[in-house]
Structure formats: C-alpha cells, structure tokens
file model-v8.txt (compact mmCIF, C-alpha atoms)
# COMPACT_ATOMS: atom_id res chain seq x y z
CA MET Q 1430 -9.32 -28.71 29.45
CA ASN Q 1431 -9.28 -31.96 31.41
CA PRO Q 1432 -11.93 -34.70 30.83
CA VAL Q 1433 -13.66 -34.16 34.18
CA ILE Q 1434 -14.31 -30.48 33.49
CA GLU Q 1435 -15.39 -31.28 29.93
CA GLN Q 1436 -17.89 -33.79 31.32
CA MET Q 1437 -19.23 -31.29 33.84
CA ARG Q 1438 -19.59 -28.54 31.24
CA SER Q 1439 -21.57 -30.83 28.93
CA HIS Q 1440 -24.40 -31.41 31.44
CA ARG Q 1441 -27.98 -30.99 30.28
CA SER Q 1442 -31.25 -32.34 31.63
CA ILE Q 1443 -32.49 -35.33 29.63
CA ARG Q 1444 -36.25 -35.78 29.42
CA LYS Q 1445 -36.49 -38.57 26.82
CA PHE Q 1446 -34.83 -41.92 27.36
CA THR Q 1447 -34.37 -45.16 25.44
CA ASP Q 1448 -35.81 -48.43 26.75
CA GLU Q 1449 -32.40 -49.59 28.00
CA GLU Q 1450 -32.27 -50.26 31.73
CA VAL Q 1451 -29.42 -48.97 33.83
CA ALA Q 1452 -27.04 -51.83 34.62
CA GLU Q 1453 -26.89 -52.87 38.27
CA THR Q 1454 -23.10 -52.66 38.22
CA ASP Q 1455 -23.32 -49.09 36.92
CA ILE Q 1456 -25.76 -48.13 39.68
CA ALA Q 1457 -23.47 -49.58 42.34
CA ALA Q 1458 -20.44 -47.79 40.86
CA ALA Q 1459 -22.30 -44.47 40.66
CA VAL Q 1460 -23.60 -44.70 44.24
CA GLU Q 1461 -20.15 -45.56 45.59
CA ALA Q 1462 -18.71 -42.58 43.70
CA GLY Q 1463 -21.52 -40.41 45.05
CA GLN Q 1464 -20.64 -41.45 48.58
CA MET Q 1465 -17.17 -39.96 48.20
CA ALA Q 1466 -18.66 -36.46 48.14
CA SER Q 1467 -17.80 -34.20 51.05
CA THR Q 1468 -19.92 -34.83 54.15
CA SER Q 1469 -19.99 -32.80 57.34
CA ALA Q 1470 -18.01 -34.66 60.02
CA GLY Q 1471 -18.74 -37.92 58.21
CA ILE Q 1472 -22.45 -37.91 59.09
CA GLN Q 1473 -23.60 -38.99 55.58
CA SER Q 1474 -27.17 -37.79 56.07
CA TYR Q 1475 -28.66 -39.14 52.85
CA CYS Q 1476 -30.13 -42.22 51.24
CA LEU Q 1477 -31.25 -43.27 47.79
CA ILE Q 1478 -34.40 -45.29 47.13
CA ARG Q 1479 -34.79 -47.00 43.75
CA ILE Q 1480 -38.38 -47.47 42.59
CA ARG Q 1481 -39.05 -50.43 40.27
CA ASP Q 1482 -42.66 -51.34 41.01
CA GLU Q 1483 -44.81 -50.26 38.05
CA GLN Q 1484 -47.76 -49.26 40.20
CA ARG Q 1485 -45.57 -47.07 42.38
CA LEU Q 1486 -43.96 -45.53 39.30
CA ASP Q 1487 -47.36 -44.78 37.79
CA ARG Q 1488 -48.44 -43.16 41.04
CA LEU Q 1489 -45.26 -41.09 41.13
CA VAL Q 1490 -45.93 -39.90 37.59
CA THR Q 1491 -49.19 -38.42 38.86
CA LEU Q 1492 -47.67 -37.02 42.05
CA THR Q 1493 -44.87 -35.26 40.14
CA GLY Q 1494 -47.28 -33.44 37.85
CA ASP Q 1495 -47.76 -36.09 35.14
CA GLN Q 1496 -44.05 -36.30 34.35
CA THR Q 1497 -44.17 -39.52 32.33
CA LYS Q 1498 -40.38 -39.78 32.17
CA VAL Q 1499 -40.48 -40.91 35.80
CA ALA Q 1500 -41.83 -44.27 34.58
CA ARG Q 1501 -40.02 -44.24 31.22
CA CYS Q 1502 -36.38 -43.96 32.17
CA GLY Q 1503 -33.75 -46.62 32.76
CA ALA Q 1504 -33.94 -46.19 36.54
CA PHE Q 1505 -35.82 -43.86 38.86
CA PHE Q 1506 -34.63 -42.89 42.32
CA ILE Q 1507 -35.91 -40.89 45.28
CA ILE Q 1508 -33.14 -38.80 46.86
CA CYS Q 1509 -33.69 -38.29 50.57
CA GLY Q 1510 -32.10 -36.48 53.44
CA ASP Q 1511 -31.69 -39.15 56.10
CA THR Q 1512 -31.36 -38.48 59.82
CA ARG Q 1513 -33.04 -41.76 60.72
CA ARG Q 1514 -29.81 -43.64 61.35
CA HIS Q 1515 -28.59 -40.96 63.78
CA ARG Q 1516 -31.89 -40.99 65.63
CA LEU Q 1517 -31.71 -44.77 66.01
CA LEU Q 1518 -28.20 -44.58 67.39
CA ALA Q 1519 -29.23 -41.93 69.91
CA GLU Q 1520 -32.33 -43.91 70.92
CA ARG Q 1521 -30.34 -47.09 71.44
CA ALA Q 1522 -27.85 -45.20 73.59
CA GLY Q 1523 -30.63 -43.58 75.61
CA ARG Q 1524 -29.54 -40.13 74.47
CA PRO Q 1525 -31.68 -37.30 73.08
CA TYR Q 1526 -31.65 -36.39 69.40
CA GLU Q 1527 -31.89 -32.61 69.57
CA THR Q 1528 -29.97 -30.49 67.05
CA ARG Q 1529 -32.85 -28.44 65.64
CA LEU Q 1530 -32.47 -26.65 62.27
CA GLU Q 1531 -28.77 -27.46 61.96
CA ALA Q 1532 -29.40 -31.21 61.60
CA PHE Q 1533 -31.96 -30.61 58.86
CA LEU Q 1534 -29.62 -28.24 57.01
CA LEU Q 1535 -26.77 -30.72 57.26
CA SER Q 1536 -28.95 -33.44 55.75
CA VAL Q 1537 -29.99 -31.20 52.84
CA VAL Q 1538 -26.39 -30.11 52.18
CA ASP Q 1539 -24.99 -33.64 52.46
CA THR Q 1540 -27.72 -35.01 50.22
CA SER Q 1541 -27.14 -32.39 47.54
CA LEU Q 1542 -23.38 -33.01 47.49
CA PHE Q 1543 -23.97 -36.76 47.23
CA ALA Q 1544 -26.57 -36.32 44.49
CA GLN Q 1545 -24.33 -34.13 42.34
CA ASN Q 1546 -21.50 -36.67 42.58
CA LEU Q 1547 -24.00 -39.41 41.74
CA ALA Q 1548 -25.30 -37.57 38.68
CA LEU Q 1549 -21.80 -36.83 37.41
CA ALA Q 1550 -20.84 -40.48 37.81
CA PHE Q 1551 -23.85 -41.60 35.76
CA GLU Q 1552 -23.12 -39.01 33.07
CA SER Q 1553 -19.51 -40.16 32.87
CA MET Q 1554 -20.84 -43.60 31.91
CA GLY Q 1555 -22.92 -42.18 29.07
CA TYR Q 1556 -26.24 -41.93 30.89
CA GLY Q 1557 -28.43 -38.84 31.05
CA ILE Q 1558 -30.17 -37.55 34.17
CA CYS Q 1559 -33.05 -35.29 35.12
CA CYS Q 1560 -33.82 -34.10 38.64
CA ILE Q 1561 -37.54 -34.13 39.51
CA GLY Q 1562 -38.45 -31.32 41.87
CA GLY Q 1563 -42.12 -32.13 41.26
CA LEU Q 1564 -41.71 -34.84 43.87
CA ARG Q 1565 -42.39 -32.11 46.43
CA ASN Q 1566 -45.84 -31.33 44.99
CA ASP Q 1567 -47.48 -33.68 47.50
CA LEU Q 1568 -44.95 -34.94 50.01
CA PRO Q 1569 -47.48 -36.54 52.38
CA ALA Q 1570 -48.65 -38.74 49.50
CA VAL Q 1571 -45.04 -39.61 48.64
CA GLN Q 1572 -44.37 -40.48 52.28
CA GLU Q 1573 -47.42 -42.72 52.40
CA LEU Q 1574 -46.55 -44.42 49.10
CA LEU Q 1575 -42.98 -45.17 50.16
CA GLU Q 1576 -43.73 -45.75 53.87
CA LEU Q 1577 -40.92 -43.39 54.87
CA PRO Q 1578 -40.13 -43.39 58.60
CA GLU Q 1579 -39.54 -40.36 60.81
CA GLY Q 1580 -36.25 -38.63 60.09
CA THR Q 1581 -36.28 -39.18 56.34
CA TYR Q 1582 -36.88 -36.24 54.00
CA PRO Q 1583 -37.68 -36.89 50.32
CA LEU Q 1584 -36.15 -33.94 48.47
CA TYR Q 1585 -36.42 -34.74 44.75
CA GLY Q 1586 -36.48 -37.56 42.26
CA LEU Q 1587 -33.79 -38.58 39.76
CA CYS Q 1588 -34.38 -40.07 36.33
CA VAL Q 1589 -31.41 -41.93 34.83
CA GLY Q 1590 -31.12 -43.59 31.44
CA ARG Q 1591 -29.65 -43.58 27.97
CA PRO Q 1592 -30.57 -40.28 26.28
CA ALA Q 1593 -33.05 -40.45 23.42
CA ASP Q 1594 -32.52 -36.80 22.48
CA GLU Q 1595 -29.73 -34.21 22.53
CA PRO Q 1596 -31.12 -30.95 23.93
CA MET Q 1597 -29.17 -27.72 23.71
CA LEU Q 1598 -26.97 -26.70 26.58
CA ARG Q 1599 -28.86 -24.25 28.75
CA PRO Q 1600 -26.81 -21.09 29.40
CA ARG Q 1601 -25.69 -20.26 32.91
CA LEU Q 1602 -25.02 -16.88 34.45
CA PRO Q 1603 -21.67 -15.40 33.37
CA LEU Q 1604 -18.68 -15.93 35.61
CA GLN Q 1605 -18.82 -12.37 36.94
CA GLY Q 1606 -22.39 -13.03 38.05
CA VAL Q 1607 -21.36 -15.69 40.56
CA LEU Q 1608 -17.65 -15.14 41.29
CA PHE Q 1609 -16.97 -12.01 43.34
CA GLU Q 1610 -13.79 -10.50 44.80
CA GLU Q 1611 -13.82 -9.59 48.49
CA HIS Q 1612 -17.46 -8.45 48.66
CA TYR Q 1613 -20.86 -8.76 46.99
CA PRO Q 1614 -21.28 -6.36 44.03
CA GLU Q 1615 -23.43 -3.26 44.20
CA ASP Q 1616 -27.06 -3.70 43.22
CA GLY Q 1617 -26.65 -1.65 40.02
CA GLN Q 1618 -23.82 -3.88 38.85
CA MET Q 1619 -25.84 -7.00 39.55
CA LEU Q 1620 -28.91 -5.71 37.71
CA ALA Q 1621 -26.81 -4.67 34.69
CA MET Q 1622 -25.33 -8.16 34.50
CA LEU Q 1623 -28.80 -9.72 34.74
CA ASP Q 1624 -30.04 -7.50 31.90
CA GLU Q 1625 -27.22 -8.84 29.73
CA PHE Q 1626 -28.10 -12.39 30.73
CA ASP Q 1627 -31.67 -11.75 29.60
CA ASP Q 1628 -30.31 -11.24 26.06
CA THR Q 1629 -28.39 -14.53 26.27
CA MET Q 1630 -31.43 -16.44 27.45
CA LEU Q 1631 -33.71 -14.79 24.89
CA GLU Q 1632 -31.51 -16.13 22.10
CA TYR Q 1633 -31.46 -19.56 23.72
CA PHE Q 1634 -35.26 -19.68 24.01
CA ARG Q 1635 -35.65 -18.58 20.40
CA GLN Q 1636 -33.29 -21.28 19.18
CA ARG Q 1637 -35.30 -23.84 21.12
CA GLY Q 1638 -38.51 -22.59 19.56
CA ALA Q 1639 -39.74 -21.45 22.98
CA GLY Q 1640 -40.63 -17.91 21.91
CA ASP Q 1641 -39.59 -14.54 23.31
CA ARG Q 1642 -39.26 -15.54 26.94
CA ILE Q 1643 -37.57 -13.13 29.34
CA TRP Q 1644 -35.56 -14.92 32.02
CA SER Q 1645 -35.67 -12.12 34.61
CA GLN Q 1646 -39.44 -11.79 34.29
CA GLU Q 1647 -39.82 -15.52 34.80
CA MET Q 1648 -37.71 -15.29 37.95
CA ILE Q 1649 -39.91 -12.46 39.25
CA GLU Q 1650 -43.05 -14.51 38.62
CA LYS Q 1651 -41.49 -17.61 40.18
CA PHE Q 1652 -40.91 -15.89 43.50
CA THR Q 1653 -43.85 -13.48 43.64
CA GLN Q 1654 -46.11 -16.02 45.32
CA PRO Q 1655 -45.22 -18.75 47.82
CA ARG Q 1656 -45.20 -22.25 46.37
CA ARG Q 1657 -45.45 -25.69 47.92
CA THR Q 1658 -46.41 -24.14 51.23
CA ALA Q 1659 -47.05 -27.59 52.71
CA THR Q 1660 -43.35 -28.49 52.47
CA GLY Q 1661 -42.36 -27.02 55.85
CA PRO Q 1662 -45.24 -28.60 57.76
CA PHE Q 1663 -44.48 -31.94 56.11
CA PHE Q 1664 -40.81 -31.91 57.08
CA ARG Q 1665 -41.83 -30.98 60.63
CA SER Q 1666 -44.20 -33.95 60.62
CA GLN Q 1667 -41.24 -36.14 59.60
CA GLY Q 1668 -39.33 -35.01 62.67
CA ALA Q 1669 -37.44 -31.97 61.40
CA ASN Q 1670 -37.09 -29.23 63.99
CA LEU Q 1671 -36.76 -26.03 61.95
CA ASP Q 1672 -36.35 -23.68 64.91
call {"tool": "encode", "arguments": {"input": "model-v8.txt", "output": "structure tokens"}}
result
Amino acid sequence: MNPVIEQMRSHRSIRKFTDEEVAETDIAAAVEAGQMASTSAGIQSYCLIRIRDEQRLDRLVTLTGDQTKVARCGAFFIICGDTRRHRLLAERAGRPYETRLEAFLLSVVDTSLFAQNLALAFESMGYGICCIGGLRNDLPAVQELLELPEGTYPLYGLCVGRPADEPMLRPRLPLQGVLFEEHYPEDGQMLAMLDEFDDTMLEYFRQRGAGDRIWSQEMIEKFTQPRRTATGPFFRSQGANLD
C-alpha cells in the first residue's frame, strides 16, 4: 500500500492537543496543498479564516457547544464557502450575480474538497485535526463575531495541532455499503448490510468504554427531528439564493 493511502486510512479525529503551536510555514504549505483540490471551472469558492484572538476563541468555545478544544489546539480555523469575490467582480463589471442554488452548492462542494486536502496535508506533517460542526449552532452570532460580509458562508471549524492522545480508528461502512455496480442495491440488501455494521460498531463502542450503543438507532434518532433549523434562513441572509 502506498504512503498516501496509508496516511488516509489512519485518519481519526483528535480532540486533545499539546501546547505546541502550528508552524506558520506548515500552515502555508497545507493551505497551498489544499488549494490544489479539484474546483468547478476554477471558481475556488472557499476561504479559510484563522482565529488567534483569545476573546474570540473563548466566544467560539461557547458558540460551538462548550468545545474547549477550539481554544486549546495549535491553530483554529473557520472554513467558509466564499462567493464574495465573484459578487465583487460582477458588481465592478456592472453585471448581475444571479446563479441561485447552483452557486451555493458549488461553494459547499469546492469548500469541502479544499478542506479535505487541507486536513490530509496537516496530517501528513504529523498534526491531528478535528472538524467542528458545532460552529453552525448559532451562525448569526458567528457572523457577527467575525464580521463576515454577504456572500460568505461559515460551514464548520477546524482544530489543528499535535495530538495529545491516540484514539481508536472509528470503523466505516464496509466497501459493499458504498461501492455499487451499475445500480443502487435493493432495500433489503442495504438493510442487511447495515445490520452487520451495527455489530461492528457495537464492538467498537464497547472497546472505547462507550457502552452498548447501536449505530443504526443513533442514526434514526439523529434524523427524526429537524436540527439547526436556522441554518437555511441564515445562509439566505448572507446572500444565498436557495431556489
């Protein structure tokens, strides 16, 4: 197996970091590597905001659900979809900016591709990372804190730093659960595979000391009720046309 695949297969979320800061040269190298991710027609609809100010970091700890690692990692970033630059170009040229849902989707896709490249680059240098979806708990407060202009969409945070623990690898769905030939499998086949995955995850949770947790039941509970219902209205308020 080649080193790149070995690195990718060793990924785990790190939630405890040493006090070592992330070197500026390493940040620059990781961002430049991240930029080489695929991007639709070269639009590059993303940006990365590093947060250093202690008061801002403390506020972000609260906004992300008291995730203290936000302020206790080597570097913390806000990963944003960014259509601002395209809007400015259109405005300067006296042209409308009007691409509706497609522009928003392109920014989310581009940002995610960039962010995965970025994370892999950091991990290749011996750092650990943890994505912070809790950033979306209160996006208006995040926007106010960071003074984000129209056309920018904060999607999640990213903790980076030297790992202070070595958590177990979290199992993923088996290959046959995500790689299909010619068509999507029948529902019975999918459910049978998910039942088998429940057994895999049950063993994982037990080894972690997390008790007899059932993955499929947690997925049912996760999607039974809508969550973060203010997300859509916020993105619309930031200029996203979701029609």
call {"tool": "residues_around", "arguments": {"input": "model-v8.txt", "residues": "range 1612-1619 of chain Q", "least_positions_apart": "6", "cutoff": "12 Å", "atoms": "all atoms listed in the file", "output": "PyMOL selection string"}}
result
chain Q and resi 1602-1603+1605-1606+1625-1626
call {"tool": "closest_residue", "arguments": {"input": "model-v8.txt", "among": "Q:Cys1502, Q:Ser1469, Q:Leu1577, Q:Asp1495", "to": "Phe1543 in chain Q", "atoms": "only C-alpha atoms"}}
result
Q:Ser1469
call {"tool": "atom_distance", "arguments": {"input": "model-v8.txt", "atom1": "CA of Gly1557 in chain Q", "atom2": "CA of Asp1448 in chain Q"}}
result
12.8 Å
call {"tool": "residues_around", "arguments": {"input": "model-v8.txt", "residues": "Gln1572 in chain Q", "least_positions_apart": "4", "cutoff": "10 Å", "atoms": "only C-alpha atoms", "output": "VMD selection string"}}
result
chain Q and resid 1567 to 1568 1576 to 1579 1581 to 1583 1663 1667
call {"tool": "closest_residue", "arguments": {"input": "model-v8.txt", "among": "Q:Glu1435, Q:Glu1520, Q:Glu1449, Q:Asp1511", "to": "Phe1533 in chain Q", "atoms": "all atoms listed in the file"}}
result
Q:Asp1511
call {"tool": "atom_distance", "arguments": {"input": "model-v8.txt", "atom1": "CA of Ile1643 in chain Q", "atom2": "CA of Leu1631 in chain Q"}}
result
6.1 Å
call {"tool": "closest_atom_pairs", "arguments": {"input": "model-v8.txt", "of": "range 1496-1602 of chain Q", "to": "range 1476-1488 of chain Q", "cutoff": "6 Å", "atoms": "all atoms listed in the file", "output": "JSON lines"}}
result
{"residue": "Q:Ala1500", "atom": "CA", "partner": "Q:Leu1486", "partner_atom": "CA", "distance": 5.3}
{"residue": "Q:Phe1505", "atom": "CA", "partner": "Q:Ile1480", "partner_atom": "CA", "distance": 5.8}
{"residue": "Q:Phe1506", "atom": "CA", "partner": "Q:Arg1479", "partner_atom": "CA", "distance": 4.4}
{"residue": "Q:Ile1507", "atom": "CA", "partner": "Q:Ile1478", "partner_atom": "CA", "distance": 5.0}
{"residue": "Q:Ile1508", "atom": "CA", "partner": "Q:Leu1477", "partner_atom": "CA", "distance": 4.9}
{"residue": "Q:Cys1509", "atom": "CA", "partner": "Q:Cys1476", "partner_atom": "CA", "distance": 5.3}
{"residue": "Q:Asp1511", "atom": "CA", "partner": "Q:Cys1476", "partner_atom": "CA", "distance": 6.0}
call {"tool": "build_atoms", "arguments": {"input": "model-v8.txt", "residues": "range 1511-1539 of chain Q", "atoms": "N, CA and C atoms", "output": "mmCIF file, in the coordinates of the input"}}
result
data_model
loop_
_atom_site.group_PDB
_atom_site.id
_atom_site.type_symbol
_atom_site.label_atom_id
_atom_site.label_comp_id
_atom_site.auth_asym_id
_atom_site.auth_seq_id
_atom_site.Cartn_x
_atom_site.Cartn_y
_atom_site.Cartn_z
ATOM 1 N N ASP Q 1511 -31.446 -38.004 55.214
ATOM 2 C CA ASP Q 1511 -31.690 -39.150 56.100
ATOM 3 C C ASP Q 1511 -31.025 -38.913 57.460
ATOM 4 N N THR Q 1512 -31.844 -38.591 58.444
ATOM 5 C CA THR Q 1512 -31.360 -38.480 59.820
ATOM 6 C C THR Q 1512 -31.835 -39.670 60.659
ATOM 7 N N ARG Q 1513 -32.475 -40.617 60.000
ATOM 8 C CA ARG Q 1513 -33.040 -41.760 60.720
ATOM 9 C C ARG Q 1513 -31.960 -42.550 61.452
ATOM 10 N N ARG Q 1514 -30.854 -42.810 60.762
ATOM 11 C CA ARG Q 1514 -29.810 -43.640 61.350
ATOM 12 C C ARG Q 1514 -29.221 -42.993 62.613
ATOM 13 N N HIS Q 1515 -29.133 -41.653 62.611
ATOM 14 C CA HIS Q 1515 -28.590 -40.960 63.780
ATOM 15 C C HIS Q 1515 -29.583 -41.011 64.949
ATOM 16 N N ARG Q 1516 -30.850 -40.905 64.607
ATOM 17 C CA ARG Q 1516 -31.890 -40.990 65.630
ATOM 18 C C ARG Q 1516 -31.889 -42.363 66.293
ATOM 19 N N LEU Q 1517 -31.725 -43.413 65.470
ATOM 20 C CA LEU Q 1517 -31.710 -44.770 66.010
ATOM 21 C C LEU Q 1517 -30.525 -44.987 66.925
ATOM 22 N N LEU Q 1518 -29.374 -44.447 66.540
ATOM 23 C CA LEU Q 1518 -28.200 -44.580 67.390
ATOM 24 C C LEU Q 1518 -28.407 -43.883 68.734
ATOM 25 N N ALA Q 1519 -28.983 -42.664 68.677
ATOM 26 C CA ALA Q 1519 -29.230 -41.930 69.910
ATOM 27 C C ALA Q 1519 -30.244 -42.661 70.794
ATOM 28 N N GLU Q 1520 -31.296 -43.195 70.165
ATOM 29 C CA GLU Q 1520 -32.330 -43.910 70.920
ATOM 30 C C GLU Q 1520 -31.752 -45.144 71.602
ATOM 31 N N ARG Q 1521 -30.927 -45.885 70.858
ATOM 32 C CA ARG Q 1521 -30.340 -47.090 71.440
ATOM 33 C C ARG Q 1521 -29.414 -46.771 72.608
ATOM 34 N N ALA Q 1522 -28.758 -45.613 72.521
ATOM 35 C CA ALA Q 1522 -27.850 -45.200 73.590
ATOM 36 C C ALA Q 1522 -28.551 -44.469 74.725
ATOM 37 N N GLY Q 1523 -29.882 -44.293 74.586
ATOM 38 C CA GLY Q 1523 -30.630 -43.580 75.610
ATOM 39 C C GLY Q 1523 -30.295 -42.107 75.680
ATOM 40 N N ARG Q 1524 -29.911 -41.539 74.539
ATOM 41 C CA ARG Q 1524 -29.540 -40.130 74.470
ATOM 42 C C ARG Q 1524 -30.557 -39.376 73.628
ATOM 43 N N PRO Q 1525 -30.727 -38.076 73.883
ATOM 44 C CA PRO Q 1525 -31.680 -37.300 73.080
ATOM 45 C C PRO Q 1525 -31.133 -37.002 71.688
ATOM 46 N N TYR Q 1526 -32.027 -36.886 70.741
ATOM 47 C CA TYR Q 1526 -31.650 -36.390 69.400
ATOM 48 C C TYR Q 1526 -32.232 -34.989 69.310
ATOM 49 N N GLU Q 1527 -31.381 -33.977 69.441
ATOM 50 C CA GLU Q 1527 -31.890 -32.610 69.570
ATOM 51 C C GLU Q 1527 -30.870 -31.627 68.993
ATOM 52 N N THR Q 1528 -30.898 -31.446 67.668
ATOM 53 C CA THR Q 1528 -29.970 -30.490 67.050
ATOM 54 C C THR Q 1528 -30.701 -29.430 66.234
ATOM 55 N N ARG Q 1529 -32.019 -29.481 66.234
ATOM 56 C CA ARG Q 1529 -32.850 -28.440 65.640
ATOM 57 C C ARG Q 1529 -32.550 -28.214 64.145
ATOM 58 N N LEU Q 1530 -32.595 -26.955 63.697
ATOM 59 C CA LEU Q 1530 -32.470 -26.650 62.270
ATOM 60 C C LEU Q 1530 -31.157 -27.140 61.690
ATOM 61 N N GLU Q 1531 -30.081 -27.096 62.474
ATOM 62 C CA GLU Q 1531 -28.770 -27.460 61.960
ATOM 63 C C GLU Q 1531 -28.755 -28.885 61.399
ATOM 64 N N ALA Q 1532 -29.391 -29.819 62.067
ATOM 65 C CA ALA Q 1532 -29.400 -31.210 61.600
ATOM 66 C C ALA Q 1532 -30.125 -31.324 60.263
ATOM 67 N N PHE Q 1533 -31.232 -30.584 60.128
ATOM 68 C CA PHE Q 1533 -31.960 -30.610 58.860
ATOM 69 C C PHE Q 1533 -31.115 -30.006 57.742
ATOM 70 N N LEU Q 1534 -30.467 -28.863 58.020
ATOM 71 C CA LEU Q 1534 -29.620 -28.240 57.010
ATOM 72 C C LEU Q 1534 -28.475 -29.155 56.604
ATOM 73 N N LEU Q 1535 -27.860 -29.808 57.576
ATOM 74 C CA LEU Q 1535 -26.770 -30.720 57.260
ATOM 75 C C LEU Q 1535 -27.240 -31.851 56.353
ATOM 76 N N SER Q 1536 -28.445 -32.354 56.584
ATOM 77 C CA SER Q 1536 -28.950 -33.440 55.750
ATOM 78 C C SER Q 1536 -29.201 -32.961 54.321
ATOM 79 N N VAL Q 1537 -29.733 -31.741 54.170
ATOM 80 C CA VAL Q 1537 -29.990 -31.200 52.840
ATOM 81 C C VAL Q 1537 -28.667 -30.948 52.104
ATOM 82 N N VAL Q 1538 -27.691 -30.378 52.799
ATOM 83 C CA VAL Q 1538 -26.390 -30.110 52.180
ATOM 84 C C VAL Q 1538 -25.696 -31.422 51.803
ATOM 85 N N ASP Q 1539 -25.638 -32.359 52.735
ATOM 86 C CA ASP Q 1539 -24.990 -33.640 52.460
ATOM 87 C C ASP Q 1539 -25.658 -34.362 51.285
#
